[in-house]
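Q: Next up, protein_7.cif (mmCIF, C-alpha atoms).
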data_structure
loop_
_atom_site.label_atom_id
_atom_site.label_comp_id
_atom_site.auth_asym_id
_atom_site.auth_seq_id
_atom_site.Cartn_x
_atom_site.Cartn_y
_atom_site.Cartn_z
CA MET A 56 -48.07 -2.28 50.73
CA SER A 57 -45.09 -4.65 50.43
CA PRO A 58 -42.12 -3.88 48.20
CA GLU A 59 -43.02 -6.84 45.99
CA THR A 60 -46.37 -5.24 45.06
CA GLU A 61 -44.84 -1.81 44.47
CA LEU A 62 -42.34 -2.91 41.84
CA PRO A 63 -42.91 -4.85 38.60
CA GLU A 64 -41.26 -8.17 37.90
CA LEU A 65 -37.82 -7.82 36.37
CA ASP A 66 -36.99 -9.34 33.00
CA PRO A 67 -33.16 -9.35 32.88
CA PHE A 68 -33.05 -10.40 29.24
CA THR A 69 -34.42 -7.10 27.93
CA GLU A 70 -32.15 -4.81 25.94
CA ASP A 71 -32.83 -1.92 28.29
CA PHE A 72 -31.76 -3.79 31.42
CA GLN A 73 -28.67 -5.36 29.87
CA GLN A 74 -27.38 -2.03 28.55
CA PHE A 75 -28.55 0.26 31.39
CA PRO A 76 -29.02 -1.81 34.59
CA PHE A 77 -27.80 0.56 37.29
CA ALA A 78 -30.87 2.69 37.96
CA THR A 79 -33.03 -0.43 38.26
CA LEU A 80 -30.51 -2.16 40.53
CA ALA A 81 -30.23 0.91 42.78
CA LEU A 82 -34.02 1.04 43.11
CA LEU A 83 -34.12 -2.65 44.02
CA ARG A 84 -31.37 -2.25 46.63
CA GLU A 85 -33.41 0.50 48.25
CA ARG A 86 -36.91 -0.94 48.05
CA ALA A 87 -36.79 -4.69 47.38
CA PRO A 88 -33.32 -6.27 47.75
CA VAL A 89 -34.85 -9.72 47.17
CA HIS A 90 -37.26 -9.34 44.29
CA ALA A 91 -39.27 -11.64 42.01
CA MET A 92 -38.17 -11.82 38.37
CA ALA A 93 -40.24 -12.43 35.26
CA GLU A 94 -38.90 -15.98 35.00
CA ALA A 95 -41.13 -18.16 37.20
CA GLY A 96 -39.45 -19.05 40.51
CA TRP A 97 -36.51 -16.66 40.01
CA TYR A 98 -35.50 -13.94 42.47
CA ILE A 99 -32.78 -11.31 42.17
CA VAL A 100 -30.62 -10.41 45.22
CA THR A 101 -29.08 -6.93 45.01
CA THR A 102 -27.47 -5.82 48.33
CA ILE A 103 -23.98 -6.84 49.39
CA GLU A 104 -25.13 -8.01 52.85
CA LEU A 105 -27.69 -10.43 51.41
CA ALA A 106 -25.35 -11.49 48.60
CA ARG A 107 -22.73 -12.46 51.20
CA GLU A 108 -25.36 -14.35 53.20
CA VAL A 109 -26.26 -16.42 50.15
CA LEU A 110 -22.70 -17.03 48.98
CA THR A 111 -21.45 -18.18 52.38
CA ASP A 112 -24.33 -20.57 53.17
CA PRO A 113 -24.17 -23.55 50.76
CA ALA A 114 -26.41 -25.56 53.09
CA ARG A 115 -29.36 -23.29 52.22
CA PHE A 116 -28.26 -22.03 48.81
CA SER A 117 -26.81 -24.69 46.52
CA ASN A 118 -24.43 -24.02 43.65
CA GLN A 119 -25.92 -26.93 41.71
CA VAL A 120 -27.96 -24.86 39.30
CA SER A 121 -27.32 -24.38 35.59
CA ARG A 122 -26.42 -20.95 34.27
CA ARG A 123 -26.76 -22.10 30.68
CA THR A 124 -29.66 -21.68 28.31
CA SER A 125 -30.96 -24.75 26.44
CA PRO A 126 -30.98 -25.22 22.66
CA PRO A 127 -34.30 -24.57 20.90
CA ALA A 128 -36.29 -27.58 19.71
CA GLU A 129 -35.33 -27.21 16.05
CA VAL A 130 -31.61 -27.80 16.78
CA ALA A 131 -31.84 -29.95 19.93
CA ASP A 132 -31.18 -33.25 18.10
CA GLU A 133 -28.17 -31.85 16.23
CA VAL A 134 -26.71 -30.43 19.45
CA ALA A 135 -27.22 -33.76 21.24
CA ALA A 136 -25.48 -35.64 18.43
CA ILE A 137 -22.43 -33.37 18.62
CA ARG A 138 -22.28 -33.61 22.42
CA SER A 139 -22.40 -37.43 22.25
CA GLN A 140 -18.98 -37.44 20.56
CA GLY A 141 -17.27 -35.77 23.54
CA PHE A 142 -16.96 -36.26 27.27
CA GLY A 143 -19.95 -34.25 28.36
CA TYR A 144 -19.66 -31.52 30.94
CA VAL A 145 -18.59 -32.80 34.36
CA PRO A 146 -19.52 -30.50 37.28
CA THR A 147 -16.30 -29.67 39.11
CA LEU A 148 -15.92 -26.21 40.67
CA LEU A 149 -18.71 -24.15 39.14
CA LEU A 150 -21.75 -26.39 39.59
CA ASN A 151 -20.89 -28.34 42.68
CA ASP A 152 -21.27 -28.31 46.45
CA PRO A 153 -19.23 -29.96 49.21
CA PRO A 154 -17.93 -32.60 49.53
CA ALA A 155 -17.37 -33.03 45.75
CA HIS A 156 -16.51 -29.35 45.29
CA THR A 157 -13.98 -29.53 48.14
CA ARG A 158 -12.15 -32.38 46.41
CA TYR A 159 -11.76 -30.48 43.14
CA ARG A 160 -10.84 -27.18 44.74
CA ARG A 161 -8.18 -28.84 46.88
CA MET A 162 -6.73 -30.42 43.75
CA VAL A 163 -6.58 -27.11 41.85
CA GLN A 164 -4.99 -25.39 44.84
CA ARG A 165 -2.25 -28.03 44.77
CA ALA A 166 -1.54 -26.96 41.19
CA LEU A 167 -1.73 -23.20 41.83
CA THR A 168 1.03 -23.13 44.44
CA PRO A 169 3.10 -19.99 45.15
CA ARG A 170 5.91 -21.56 43.11
CA ALA A 171 3.58 -22.09 40.17
CA LEU A 172 2.27 -18.53 40.36
CA ALA A 173 5.82 -17.14 40.52
CA TRP A 174 6.61 -19.13 37.38
CA MET A 175 3.57 -17.71 35.56
CA GLU A 176 4.24 -14.05 36.37
CA PRO A 177 7.13 -13.38 33.95
CA LEU A 178 5.22 -15.09 31.13
CA ILE A 179 2.27 -12.76 31.69
CA ALA A 180 4.50 -9.68 32.04
CA ASP A 181 6.21 -10.52 28.73
CA VAL A 182 2.89 -10.87 26.91
CA ALA A 183 1.62 -7.54 28.29
CA GLU A 184 4.84 -5.78 27.30
CA GLU A 185 4.79 -7.25 23.79
CA LEU A 186 1.22 -6.10 23.15
CA ALA A 187 1.68 -2.63 24.70
CA ARG A 188 4.80 -2.05 22.63
CA ALA A 189 2.87 -2.86 19.44
CA LEU A 190 0.04 -0.34 19.95
CA PRO A 191 0.04 2.30 17.20
CA ASP A 192 0.38 6.02 17.90
CA GLY A 193 -2.72 7.99 16.86
CA GLY A 194 -5.52 6.79 14.64
CA ALA A 195 -8.54 4.80 15.77
CA ILE A 196 -8.21 1.18 16.89
CA GLY A 197 -10.43 -1.27 18.75
CA PHE A 198 -8.79 -1.71 22.15
CA ILE A 199 -10.39 -5.09 22.80
CA GLU A 200 -9.13 -6.63 19.56
CA ALA A 201 -5.72 -4.92 19.75
CA PHE A 202 -4.93 -5.60 23.42
CA ALA A 203 -7.64 -6.76 25.84
CA ARG A 204 -8.56 -9.97 24.01
CA PRO A 205 -5.12 -11.18 22.92
CA LEU A 206 -3.45 -10.57 26.29
CA PRO A 207 -5.34 -13.22 28.32
CA VAL A 208 -5.54 -15.56 25.32
CA TRP A 209 -1.77 -15.43 24.76
CA ALA A 210 -1.10 -15.61 28.50
CA ILE A 211 -3.35 -18.59 29.23
CA SER A 212 -2.00 -20.40 26.14
CA ARG A 213 1.54 -20.09 27.46
CA VAL A 214 0.55 -20.91 31.03
CA LEU A 215 -1.29 -24.06 29.92
CA GLY A 216 1.71 -25.02 27.81
CA LEU A 217 -0.01 -24.82 24.42
CA PRO A 218 1.98 -23.71 21.37
CA ASP A 219 1.49 -20.15 20.11
CA ASP A 220 -0.28 -21.41 16.99
CA ARG A 221 -3.13 -22.52 19.28
CA ARG A 222 -3.97 -18.94 20.32
CA ASP A 223 -6.86 -18.62 17.88
CA ASP A 224 -8.20 -21.95 19.12
CA VAL A 225 -8.06 -20.81 22.75
CA ARG A 226 -10.02 -17.71 21.82
CA ARG A 227 -12.59 -19.76 19.91
CA TRP A 228 -12.92 -22.28 22.75
CA THR A 229 -13.39 -19.55 25.35
CA ASP A 230 -16.05 -17.83 23.27
CA ALA A 231 -17.89 -21.14 22.92
CA ALA A 232 -17.60 -21.94 26.63
CA THR A 233 -19.28 -18.65 27.58
CA ALA A 234 -21.74 -18.34 24.68
CA THR A 235 -24.72 -19.90 26.48
CA ILE A 236 -24.05 -18.53 29.97
CA GLY A 237 -27.05 -16.36 30.75
CA ALA A 238 -27.57 -15.57 27.06
CA GLN A 239 -30.01 -16.68 24.38
CA LEU A 240 -28.38 -17.84 21.13
CA ALA A 241 -29.90 -17.79 17.67
CA PRO A 242 -30.74 -21.38 16.56
CA GLU A 243 -28.12 -21.34 13.79
CA ARG A 244 -25.33 -20.49 16.29
CA TRP A 245 -25.87 -23.53 18.51
CA ALA A 246 -24.26 -26.20 16.33
CA GLN A 247 -21.06 -24.20 15.81
CA VAL A 248 -20.73 -23.54 19.55
CA GLU A 249 -21.07 -27.25 20.27
CA ARG A 250 -18.54 -28.19 17.57
CA ASP A 251 -16.05 -25.72 19.07
CA LEU A 252 -16.57 -27.22 22.53
CA LEU A 253 -16.09 -30.73 21.16
CA ASP A 254 -12.85 -29.62 19.50
CA TYR A 255 -11.71 -28.20 22.84
CA GLN A 256 -12.49 -31.43 24.70
CA LEU A 257 -10.68 -33.72 22.26
CA THR A 258 -7.65 -31.43 21.97
CA ILE A 259 -7.17 -30.86 25.70
CA ALA A 260 -7.77 -34.53 26.51
CA ALA A 261 -4.92 -35.43 24.15
CA GLU A 262 -2.68 -32.75 25.69
CA LEU A 263 -3.41 -33.98 29.22
CA GLU A 264 -2.55 -37.53 28.20
CA ARG A 265 0.79 -36.29 26.81
CA ARG A 266 1.51 -34.60 30.15
CA ARG A 267 0.91 -37.89 31.95
CA GLN A 268 3.60 -39.50 29.86
CA GLU A 269 5.97 -36.51 29.53
CA PRO A 270 5.45 -33.83 32.22
CA ARG A 271 6.53 -30.27 31.41
CA ASP A 272 6.72 -26.96 33.25
CA ASP A 273 3.16 -25.86 32.54
CA LEU A 274 -0.26 -25.75 34.18
CA LEU A 275 -1.59 -28.83 32.37
CA SER A 276 1.27 -30.90 33.82
CA MET A 277 0.62 -29.42 37.27
CA LEU A 278 -3.06 -30.38 37.07
CA VAL A 279 -2.18 -33.92 36.01
CA ALA A 280 0.30 -34.21 38.89
CA ALA A 281 -2.19 -32.78 41.40
CA ALA A 282 -4.88 -35.22 40.22
CA ALA A 283 -2.50 -38.12 40.86
CA ASP A 284 -1.47 -36.81 44.29
CA LEU A 285 -4.70 -37.62 46.11
CA GLY A 286 -5.24 -38.27 49.76
CA PRO A 287 -6.00 -41.70 51.27
CA GLY A 288 -9.36 -43.04 50.16
CA GLU A 289 -9.98 -40.35 47.53
CA GLU A 290 -11.34 -41.51 44.17
CA PRO A 291 -9.06 -40.92 41.16
CA ILE A 292 -9.77 -37.84 39.07
CA GLY A 293 -10.36 -38.90 35.48
CA ILE A 294 -9.66 -37.26 32.15
CA ALA A 295 -13.21 -35.92 31.71
CA GLU A 296 -12.95 -34.15 35.07
CA LEU A 297 -9.57 -32.65 34.16
CA VAL A 298 -10.97 -31.45 30.83
CA SER A 299 -13.81 -29.68 32.65
CA LEU A 300 -11.46 -28.19 35.27
CA THR A 301 -9.11 -26.89 32.58
CA ARG A 302 -12.07 -25.31 30.78
CA GLU A 303 -13.14 -23.50 33.94
CA LEU A 304 -9.62 -22.19 34.57
CA MET A 305 -9.22 -21.17 30.93
CA VAL A 306 -12.44 -19.16 31.00
CA ALA A 307 -11.80 -17.67 34.46
CA GLY A 308 -8.35 -16.43 33.50
CA ASN A 309 -9.47 -15.22 30.09
CA GLU A 310 -12.98 -13.82 29.90
CA SER A 311 -12.81 -11.87 33.17
CA THR A 312 -9.50 -10.25 32.21
CA LEU A 313 -10.74 -9.26 28.77
CA ARG A 314 -13.85 -7.54 30.14
CA LEU A 315 -11.94 -5.98 33.04
CA LEU A 316 -9.25 -4.46 30.81
CA ALA A 317 -11.84 -2.87 28.54
CA ASP A 318 -13.55 -1.30 31.54
CA ILE A 319 -10.24 0.00 32.94
CA ILE A 320 -9.66 1.92 29.71
CA VAL A 321 -13.13 3.45 29.90
CA GLN A 322 -12.59 4.49 33.51
CA LEU A 323 -9.14 5.98 32.86
CA ASP A 324 -10.46 7.93 29.88
CA SER A 325 -11.48 10.66 32.34
CA ARG A 326 -8.39 10.16 34.54
CA PRO A 327 -5.36 10.21 32.18
CA GLN A 328 -3.17 11.31 35.10
CA GLU A 329 -3.35 7.72 36.37
CA TRP A 330 -0.82 6.62 33.73
CA ASP A 331 1.73 9.01 35.25
CA LEU A 332 0.89 7.78 38.75
CA VAL A 333 1.46 4.15 37.74
CA ARG A 334 4.84 5.01 36.26
CA GLY A 335 5.82 6.60 39.56
CA ASP A 336 4.33 3.89 41.80
CA GLU A 337 3.75 0.35 40.51
CA ALA A 338 1.45 -0.36 43.49
CA ARG A 339 -0.95 2.11 41.89
CA ALA A 340 -1.76 -0.56 39.28
CA HIS A 341 -3.10 -2.79 42.06
CA ARG A 342 -5.46 -0.09 43.33
CA ILE A 343 -6.68 0.72 39.82
CA VAL A 344 -7.37 -2.96 39.11
CA GLU A 345 -9.25 -3.56 42.36
CA GLU A 346 -11.47 -0.51 41.90
CA ALA A 347 -12.07 -1.41 38.26
CA VAL A 348 -13.00 -4.98 39.23
CA ARG A 349 -15.55 -3.58 41.67
CA MET A 350 -17.04 -1.24 39.09
CA ALA A 351 -17.01 -3.66 36.17
CA SER A 352 -17.97 -6.90 37.97
CA PRO A 353 -17.31 -8.97 34.80
CA SER A 354 -19.13 -11.90 36.42
CA ALA A 355 -22.24 -9.79 36.82
CA ALA A 356 -24.32 -12.43 38.58
CA VAL A 357 -24.11 -15.92 40.04
CA PHE A 358 -26.93 -18.40 40.43
CA ARG A 359 -27.96 -20.38 43.49
CA ARG A 360 -30.77 -22.90 44.11
CA VAL A 361 -32.80 -22.64 47.31
CA VAL A 362 -32.39 -26.01 49.05
CA ARG A 363 -35.33 -25.72 51.44
CA ASP A 364 -38.05 -23.21 52.26
CA THR A 365 -36.27 -20.26 53.80
CA THR A 366 -36.46 -16.52 54.34
CA LEU A 367 -33.96 -14.04 52.90
CA GLY A 368 -34.26 -10.32 53.47
CA GLY A 369 -37.78 -10.81 54.78
CA VAL A 370 -38.93 -12.64 51.63
CA LEU A 371 -40.12 -16.24 51.83
CA LEU A 372 -38.30 -18.35 49.23
CA PRO A 373 -39.77 -21.77 48.37
CA ALA A 374 -37.41 -24.72 48.00
CA GLY A 375 -36.29 -25.06 44.40
CA SER A 376 -36.36 -21.34 43.69
CA THR A 377 -33.50 -19.86 41.69
CA LEU A 378 -31.57 -16.89 43.07
CA VAL A 379 -29.75 -14.52 40.74
CA VAL A 380 -27.18 -12.90 43.03
CA SER A 381 -26.24 -9.63 41.35
CA LEU A 382 -22.56 -8.99 42.06
CA LEU A 383 -22.85 -5.98 39.74
CA SER A 384 -25.38 -4.46 42.14
CA ALA A 385 -23.75 -5.61 45.39
CA ASN A 386 -20.46 -3.99 44.40
CA ARG A 387 -22.13 -0.59 44.15
CA ASP A 388 -24.08 -0.91 47.39
CA GLU A 389 -24.02 2.49 49.09
CA SER A 390 -23.98 0.91 52.54
CA VAL A 391 -20.36 -0.14 51.87
CA PHE A 392 -19.20 1.95 48.90
CA SER A 393 -19.88 5.65 49.33
CA ASP A 394 -20.86 7.15 45.97
CA GLY A 395 -20.59 3.63 44.57
CA ASP A 396 -21.05 4.65 40.93
CA ARG A 397 -17.84 6.73 41.06
CA PHE A 398 -14.46 5.26 40.07
CA ASP A 399 -11.97 6.00 42.87
CA PRO A 400 -8.75 3.94 43.15
CA ASP A 401 -8.08 5.59 46.54
CA ARG A 402 -11.34 4.29 47.95
CA PRO A 403 -10.80 2.59 51.33
CA PRO A 404 -10.79 -0.34 51.82
CA VAL A 405 -9.86 -1.38 48.32
CA GLN A 406 -10.81 -5.07 48.45
CA ARG A 407 -14.21 -5.19 50.14
CA HIS A 408 -15.94 -5.94 46.87
CA ILE A 409 -17.18 -9.43 45.98
CA ALA A 410 -16.58 -9.29 42.22
CA PHE A 411 -14.94 -12.72 42.33
CA GLY A 412 -17.56 -14.14 44.68
CA GLN A 413 -17.10 -15.10 48.30
CA GLY A 414 -16.90 -18.22 50.42
CA ILE A 415 -16.04 -21.67 49.13
CA HIS A 416 -17.03 -20.77 45.57
CA ALA A 417 -14.90 -17.64 45.26
CA CYS A 418 -13.42 -17.73 41.75
CA ILE A 419 -10.11 -19.57 41.93
CA GLY A 420 -9.10 -17.93 38.64
CA ASN A 421 -9.11 -14.52 40.31
CA ILE A 422 -5.37 -14.84 41.02
CA LEU A 423 -4.60 -15.15 37.32
CA ALA A 424 -7.08 -12.43 36.29
CA ARG A 425 -5.66 -9.95 38.80
CA MET A 426 -2.10 -10.76 37.78
CA GLU A 427 -2.89 -10.26 34.09
CA ALA A 428 -4.68 -6.95 34.72
CA ARG A 429 -1.90 -5.53 36.93
CA HIS A 430 0.78 -6.34 34.35
CA ALA A 431 -1.42 -4.91 31.59
CA VAL A 432 -1.79 -1.57 33.41
CA ARG A 433 1.95 -1.38 34.13
CA ALA A 434 2.92 -2.27 30.56
CA LEU A 435 0.49 0.25 29.10
CA ALA A 436 1.75 2.98 31.46
CA GLY A 437 5.25 2.33 30.20
CA HIS A 438 4.25 3.03 26.61
CA VAL A 439 1.33 5.51 26.59
CA ASN A 440 0.65 9.01 27.86
CA ARG A 441 -3.09 8.48 27.53
CA ILE A 442 -5.69 6.35 25.81
CA ASP A 443 -8.75 8.33 24.70
CA VAL A 444 -12.05 6.53 24.19
CA ILE A 445 -13.78 7.49 20.94
CA ARG A 446 -17.48 7.95 21.68
CA ASP A 447 -18.91 8.63 18.23
CA GLU A 448 -21.33 5.77 18.96
CA PRO A 449 -22.59 4.58 22.39
CA LEU A 450 -20.51 1.84 23.95
CA ARG A 451 -22.46 -1.43 24.04
CA TYR A 452 -22.40 -4.38 26.43
CA LEU A 453 -22.85 -8.08 25.74
CA PRO A 454 -26.46 -9.33 25.79
CA SER A 455 -25.94 -11.49 28.88
CA LEU A 456 -27.29 -11.64 32.41
CA ILE A 457 -24.09 -13.22 33.76
CA VAL A 458 -21.12 -12.03 31.69
CA ARG A 459 -20.93 -8.22 31.82
CA GLY A 460 -18.58 -6.74 29.27
CA LEU A 461 -18.15 -4.22 26.50
CA VAL A 462 -18.37 -5.50 22.94
CA GLU A 463 -15.64 -3.12 21.75
CA VAL A 464 -13.93 0.09 22.87
CA PRO A 465 -12.70 2.32 20.03
CA VAL A 466 -9.71 4.35 21.22
CA GLN A 467 -6.92 6.65 20.15
CA VAL A 468 -3.57 5.86 21.76
CA ARG A 469 -1.16 8.68 22.58
CA ARG A 470 2.20 6.99 22.92
CA ARG A 471 5.02 8.25 25.11
CA ARG A 472 7.98 9.86 23.43
CA LEU A 473 10.87 7.96 24.94
CA ALA A 474 14.29 9.58 24.86
CA SER A 475 16.64 7.96 22.37
CA ALA A 476 19.93 6.60 23.58
CA PRO A 477 22.85 8.96 22.74
CA GLU A 478 24.94 7.99 19.77
CA VAL A 479 28.42 6.72 20.50
CA ASN A 480 31.11 8.15 18.22
#
Produce structure tokens that represent the structure in this file.
A:
Amino acid sequence: MSPETELPELDPFTEDFQQFPFATLALLRERAPVHAMAEAGWYIVTTIELAREVLTDPARFSNQVSRRTSPPAEVADEVAAIRSQGFGYVPTLLLNDPPAHTRYRRMVQRALTPRALAWMEPLIADVAEELARALPDGGAIGFIEAFARPLPVWAISRVLGLPDDRRDDVRRWTDAATATIGAQLAPERWAQVERDLLDYQLTIAAELERRRQEPRDDLLSMLVAAAADLGPGEEPIGIAELVSLTRELMVAGNESTLRLLADIIVQLDSRPQEWDLVRGDEARAHRIVEEAVRMASPSAAVFRRVVRDTTLGGVLLPAGSTLVVSLLSANRDESVFSDGDRFDPDRPPVQRHIAFGQGIHACIGNILARMEARHAVRALAGHVNRIDVIRDEPLRYLPSLIVRGLVEVPVQVRRRRLASAPEVN
């Protein structure tokens, strides 16, 4: 009997799977690493070996496949009318294959130079320090709302060069940009999401045009400059493309960090000694972040389209099939990560996970997300002795196949008692 007949089809949109996926994923890794899903023509890929095969072979497995759900019929006309007022979504990095993808990625890499990253780092460190210093001592707070959400929002606002009074807008835009990724919205939510995305497009288009005329020291200016600095024979990159690229960078450096920071706090709840270790060795923050990225896998899955009839893991995949490559599962694969469900910052080697993808589509925002998370851990270690998770109610995750993240993490912060400076008589 084949593995496909031994196991039922998987419906990833069920409450049970979205909240408690790990037992099912472990069973699939063992018995059917390429497995049919309830959605017709969909297959889930769960081992790290097969995930890497898919992610590094764009000739067989195309990135041109939508991750977004479609609006229901009763709001489809309203959604279309709102979208018609904007630029429309232009596939750049996320939904593209070479050679078009290569052109956009090369342009973004021109903007994210070592000099640019060095310029961003103190901005991010300052934001992390400001938020850590403001955490209250004792009492219950929501860690996501108090720290994990504002940190990447404030950081990406400053990096893009937007004024601080745009922080709430950046948060709203990011929420809208991720709302339909692997999730099913209520009909009444669709119109507001589309209005928020339209507001984003019009605002950022105007900001990009200002940077053309008056460049500044910010990421928007660097993107405009990189778009103008094209090689011989390359087509110009227009405003709609820059708006889409900025959206992808905004989400990559925002949503992943938010979800990662929440998971770090949950993992360190049982390891409060890590705060002391970070204070004694700043490199410890790097190891904590990398292990937490592996465990959390905020981008829980990526989609690929099968270009032609092919075989993967012994399973025949017809052309046009959709693959759901579970990074969440691959990053706990026992063939690479011994006792993969255990959080261990000393696990060797620390960066063999694929939480940010692999190959030509590896998330280019991973640099920013890692930088934000490292500075967050260091800033928190400077101000807290421990952060205890309050578990009066079960922690809950977002209802999404693609974005894996906690909705909120109630905590009690135990601040450090720092010695006061001696008085001078």
Q: For the point (-20.2, -8.7, 37.9) in file coordinates, what residues are within 6 Å, counting only C-alpha atoms? Give the answer as a VMD selection string?
A: chain A and resid 352 to 356 382 to 383 410
Q: So which residues get picked by the PyMOL selection byres ((chain A and resi 85) around 10) here, written as a PyMOL selection string?
A: chain A and resi 58+80-84+86-88+101-102+388-389
Q: Please, what distance in Å, to one decimal, runs between CA of Asp318 (chain A) and CA of Ala171 (chain A)?
A: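 These atoms are spaced 28.3 Å apart.
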Q: For a cutoff of 10 Å around the file-coordinate point (-21.4, -5.3, 45.9), which residues qualify once you count only C-alpha atoms? I'd like the result as a list of chain:residue names.
A: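 Residues with an atom close enough to that point: A:Thr101, A:Thr102, A:Ile103, A:Glu104, A:Leu105, A:Ala106, A:Arg107, A:Arg349, A:Met350, A:Ser352, A:Val380, A:Ser381, A:Leu382, A:Leu383, A:Ser384, A:Ala385, A:Asn386, A:Arg387, A:Asp388, A:Glu389, A:Ser390, A:Val391, A:Phe392, A:Gly395, A:Arg407, A:His408, A:Ile409, A:Ala410, A:Gly412.
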Q: Using all atoms listed in the file, which protein or nucleic acid residues come within 7 Å of region 262-278 of chain A? Drop anything in the same chain fewer than 6 positions from it, and give the result as a VMD selection string.
A: chain A and resid 163 166 214 to 216
Q: Any idea what the distance is between CA of Ala234 (chain A) and CA of Leu300 (chain A)?
A: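 Going from CA of Ala234 (chain A) over to CA of Leu300 (chain A) covers 17.7 Å.
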Q: With the file shown as input, list the residues that the PyMOL selection byres ((chain A and resi 326-338) around 9) selects, as a list of chain:residue names.
A: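 After applying the PyMOL selection byres ((chain A and resi 326-338) around 9), what remains is A:Gln322, A:Leu323, A:Asp324, A:Ser325, A:Arg339, A:Ala340, A:His341, A:Arg342, A:Ile343, A:Arg429, A:Val432, A:Arg433, A:Leu435, A:Ala436, A:Gly437, A:Val439, A:Asn440, A:Arg441, A:Ile442, A:Asp443.
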Q: Applied to this file, what does the PyMOL selection byres ((chain A and resi 452-456) around 12) return in terms of residues, put as a PDB file with C-alpha atoms, in the frame of the given file?
A:
ATOM      1  CA  LEU A  65     -37.820  -7.820  36.370  1.00  0.00           C
ATOM      2  CA  ASP A  66     -36.990  -9.340  33.000  1.00  0.00           C
ATOM      3  CA  PRO A  67     -33.160  -9.350  32.880  1.00  0.00           C
ATOM      4  CA  PHE A  68     -33.050 -10.400  29.240  1.00  0.00           C
ATOM      5  CA  THR A  69     -34.420  -7.100  27.930  1.00  0.00           C
ATOM      6  CA  GLU A  70     -32.150  -4.810  25.940  1.00  0.00           C
ATOM      7  CA  ASP A  71     -32.830  -1.920  28.290  1.00  0.00           C
ATOM      8  CA  PHE A  72     -31.760  -3.790  31.420  1.00  0.00           C
ATOM      9  CA  GLN A  73     -28.670  -5.360  29.870  1.00  0.00           C
ATOM     10  CA  GLN A  74     -27.380  -2.030  28.550  1.00  0.00           C
ATOM     11  CA  PHE A  75     -28.550   0.260  31.390  1.00  0.00           C
ATOM     12  CA  PRO A  76     -29.020  -1.810  34.590  1.00  0.00           C
ATOM     13  CA  ILE A  99     -32.780 -11.310  42.170  1.00  0.00           C
ATOM     14  CA  ARG A 122     -26.420 -20.950  34.270  1.00  0.00           C
ATOM     15  CA  ARG A 123     -26.760 -22.100  30.680  1.00  0.00           C
ATOM     16  CA  THR A 124     -29.660 -21.680  28.310  1.00  0.00           C
ATOM     17  CA  THR A 233     -19.280 -18.650  27.580  1.00  0.00           C
ATOM     18  CA  ALA A 234     -21.740 -18.340  24.680  1.00  0.00           C
ATOM     19  CA  THR A 235     -24.720 -19.900  26.480  1.00  0.00           C
ATOM     20  CA  ILE A 236     -24.050 -18.530  29.970  1.00  0.00           C
ATOM     21  CA  GLY A 237     -27.050 -16.360  30.750  1.00  0.00           C
ATOM     22  CA  ALA A 238     -27.570 -15.570  27.060  1.00  0.00           C
ATOM     23  CA  GLN A 239     -30.010 -16.680  24.380  1.00  0.00           C
ATOM     24  CA  LEU A 240     -28.380 -17.840  21.130  1.00  0.00           C
ATOM     25  CA  ARG A 314     -13.850  -7.540  30.140  1.00  0.00           C
ATOM     26  CA  ALA A 317     -11.840  -2.870  28.540  1.00  0.00           C
ATOM     27  CA  ASP A 318     -13.550  -1.300  31.540  1.00  0.00           C
ATOM     28  CA  ALA A 351     -17.010  -3.660  36.170  1.00  0.00           C
ATOM     29  CA  SER A 352     -17.970  -6.900  37.970  1.00  0.00           C
ATOM     30  CA  PRO A 353     -17.310  -8.970  34.800  1.00  0.00           C
ATOM     31  CA  SER A 354     -19.130 -11.900  36.420  1.00  0.00           C
ATOM     32  CA  ALA A 355     -22.240  -9.790  36.820  1.00  0.00           C
ATOM     33  CA  ALA A 356     -24.320 -12.430  38.580  1.00  0.00           C
ATOM     34  CA  VAL A 357     -24.110 -15.920  40.040  1.00  0.00           C
ATOM     35  CA  PHE A 358     -26.930 -18.400  40.430  1.00  0.00           C
ATOM     36  CA  VAL A 379     -29.750 -14.520  40.740  1.00  0.00           C
ATOM     37  CA  VAL A 380     -27.180 -12.900  43.030  1.00  0.00           C
ATOM     38  CA  SER A 381     -26.240  -9.630  41.350  1.00  0.00           C
ATOM     39  CA  LEU A 382     -22.560  -8.990  42.060  1.00  0.00           C
ATOM     40  CA  LEU A 383     -22.850  -5.980  39.740  1.00  0.00           C
ATOM     41  CA  PRO A 449     -22.590   4.580  22.390  1.00  0.00           C
ATOM     42  CA  LEU A 450     -20.510   1.840  23.950  1.00  0.00           C
ATOM     43  CA  ARG A 451     -22.460  -1.430  24.040  1.00  0.00           C
ATOM     44  CA  ILE A 457     -24.090 -13.220  33.760  1.00  0.00           C
ATOM     45  CA  VAL A 458     -21.120 -12.030  31.690  1.00  0.00           C
ATOM     46  CA  ARG A 459     -20.930  -8.220  31.820  1.00  0.00           C
ATOM     47  CA  GLY A 460     -18.580  -6.740  29.270  1.00  0.00           C
ATOM     48  CA  LEU A 461     -18.150  -4.220  26.500  1.00  0.00           C
ATOM     49  CA  VAL A 462     -18.370  -5.500  22.940  1.00  0.00           C
ATOM     50  CA  GLU A 463     -15.640  -3.120  21.750  1.00  0.00           C
ATOM     51  CA  VAL A 464     -13.930   0.090  22.870  1.00  0.00           C
TER      52      VAL A 464
END
Q: For region 158-160 of chain A, find every residue with an atom within 9 Å (counting all atoms listed in the file), except residues of its own chain fewer than 6 positions away, and show them as a list in words.
A: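 So, after excluding close chain neighbours, the residues are Thr147, Leu148, Ala282, Glu289, Ile292, Glu296, Leu300, Ile415, His416 and Ile419 of chain A.
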